[in-house]
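Quick notes on the structure that follows.
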Amino acid sequence: MEPEVALRELDIFVLPSVSEACSNALLQAMATGLAVVATGVGGNPALVKDEVTGLLVPPGDGAALAKAIIRLIEDPALAAALAARAREQVRVEFGMGGMLARLQAFYERVLAGGRT
């Protein structure tokens, strides 16, 4: 089963890492439109804005993790709002259009004699 197919079967994506770089799985879950709960380690806080595009919890804190998951289950409107904002953030920041715009701006700066 392809990851995007498997992700579509979920209601909530949970990434309880104690160490993380920039998680492709987290980006994929956000792009799929899932509500996410992740630990605030590594690159996760750069991807998930707490209470805006998902919920962040301290690493190793099982009670906080459970509380965040239960919160999303009990408040589907919150889960849907977080998921929608996360999907839009990924589309804007990591989609082809955003990437091309940043690349074009980079080349324009370089060609104009600006710093990279």
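FYI, nothing fancy with the structure tokens labels: chains A, B, ... in order, residues from 1 per chain, ligands from 1 as they appear.
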* **Sel. of alpha helix (DSSP H) residues, chain A, as a PyMOL selection string** => chain A and resi 3-7+24-32+44-47+62-74+76-94+96-111
* To do: Give me the residues within 12 Å of A:Val41 as an MDAnalysis selection string, counting only C-alpha atoms and dropping any in the same chain fewer than 3 places off.
  => chainID A and resid 15:23 38 44:48 56:60
* In Å, with one decimal, what is the gap from atom CA of A:Val37 to atom CA of A:Leu10? -> 12.7 Å
* To do: Find the residue from A:Asn24, A:Thr32, A:Thr39, A:Gln104 that sits nearest to A:Ala80; use only C-alpha atoms when measuring.
  =>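 So, comparing all the options, the nearest one is A:Thr32.
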* **For A:Val36: contacts at 10 Å, only C-alpha atoms, fewer than 6 positions along chain excluded, given as a ChimeraX atom specification** => /A:11-15,26-27,29-30,48,50,53-56,68-69,72,79,82-83,86
* Per DSSP on the backbone, what are the strand (DSSP E) residues of stretch 12-96 of chain A, as a PyMOL selection string? -> chain A and resi 12-15+35-39+55-57
* Structure fact -> Judged by only C-alpha atoms, the minimum distance to A:Glu88 among A:Glu74, A:Arg102, A:Val52, A:Ala66 is found for A:Val52
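For the atom pair formed by atom CA of A:Leu7 and atom CA of A:Arg85, the distance is 17.2 Å, given to one decimal.
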